[in-house]
Amino acid sequence: NPGAVVAICPQNTTAQSLKRYRIQTPQSASYARIIRCDRSTRSITVKYIKSAEIKHVPWSWLVGMEDTSKKHSLFSYLPAAKSIADADTRGQPSLGHLVLALKWCRHFSSSSLNDKNTPPMYLVNSVAERASILLCTEVLLHEELRGSHSRRDETTRKINMQLLDLFGSDFDSSSLSAVMNEDILESIKMQLKDELHEASVEREEE
């Protein structure tokens, strides 16, 4: 299935074919995400998770595959409302609720200096980092489950623009930099680079 994670271990198929079900050491395997499968050549096109390199590999190199049937999202795929007052808090939580939480963290970082009756900054940092990681995970999971055909719809466009507003593009600093660890922020921007790039291009065309 496209999007599934596989473990790949290059091997001499002639010498190793009888050993393919003898599990090799984890250090010998690399992990990649499937892009497409070609039955005619008995190979798959994958994108390695660590290096982002795209390669064609034979089926015989596969030593493990993720069970994607167990995947499901926790947050519905909806953008943030224009204000907290307009947000629907009675139904299933959505990506928009995480966006609003991060906007609150951003607002807090700029206003807390003038207000002594505010939560400690380390609590805001913790909320911002955990909400960002959860938002990133859910966005990528929705993208995988919904498929590439839905990347151009209006809901996706709005969510991508809200992600850009929070995390910035490759050329912009993030508005959350004051409340998040830099390494965590850069990791999230790297994982969401496709979504941020699409939103950045659209913003330039406006």
# chains A, B, ... in the order shown; residues from 1 in each chain; ligands from 1

call {"tool": "residues_around", "arguments": {"residues": "Leu196 (chain A)", "least_positions_apart": "3", "cutoff": "12 Å", "atoms": "only C-alpha atoms", "output": "ChimeraX atom specification"}}
result
/A:136,139,156-172,174,188-193,199-203

call {"tool": "residues_around", "arguments": {"residues": "region 181-184 of chain A", "least_positions_apart": "2", "cutoff": "9 Å", "atoms": "only C-alpha atoms", "output": "PyMOL selection string"}}
result
chain A and resi 125+129+132-133+177-179+186-189

call {"tool": "atom_distance", "arguments": {"atom1": "CA of His107 (chain A)", "atom2": "CA of Tyr77 (chain A)"}}
result
24.0 Å

call {"tool": "closest_residue", "arguments": {"among": "A:Ala81, A:Ile34, A:Val6, A:Leu176", "to": "Leu102 (chain A)", "atoms": "only C-alpha atoms"}}
result
A:Leu176

call {"tool": "closest_residue", "arguments": {"among": "A:Met65, A:Leu135, A:Met180, A:Ala7", "to": "Tyr122 (chain A)", "atoms": "only C-alpha atoms"}}
result
A:Met180

call {"tool": "closest_residue", "arguments": {"among": "A:Phe75, A:Tyr31, A:Phe108, A:Trp61", "to": "Lys47 (chain A)", "atoms": "only C-alpha atoms"}}
result
A:Tyr31

call {"tool": "residues_around", "arguments": {"residues": "Ser73 (chain A)", "least_positions_apart": "3", "cutoff": "12 Å", "atoms": "only C-alpha atoms", "output": "list of chain:residue names"}}
result
A:Thr68, A:Ser69, A:Lys70, A:Ser76, A:Tyr77, A:Gln92, A:Pro93, A:Ser94, A:Leu95, A:Leu134, A:Leu135, A:Cys136, A:Thr137, A:Glu138, A:Val139, A:Leu140, A:Leu141, A:His142, A:Glu143, A:Glu144, A:Leu145, A:Arg146

call {"tool": "residues_around", "arguments": {"residues": "Cys9 (chain A)", "least_positions_apart": "3", "cutoff": "7 Å", "atoms": "only C-alpha atoms", "output": "number ranges by chain"}}
result
A: 28-30, 61-63

call {"tool": "atom_distance", "arguments": {"atom1": "CA of Ser109 (chain A)", "atom2": "CA of Val124 (chain A)"}}
result
8.2 Å
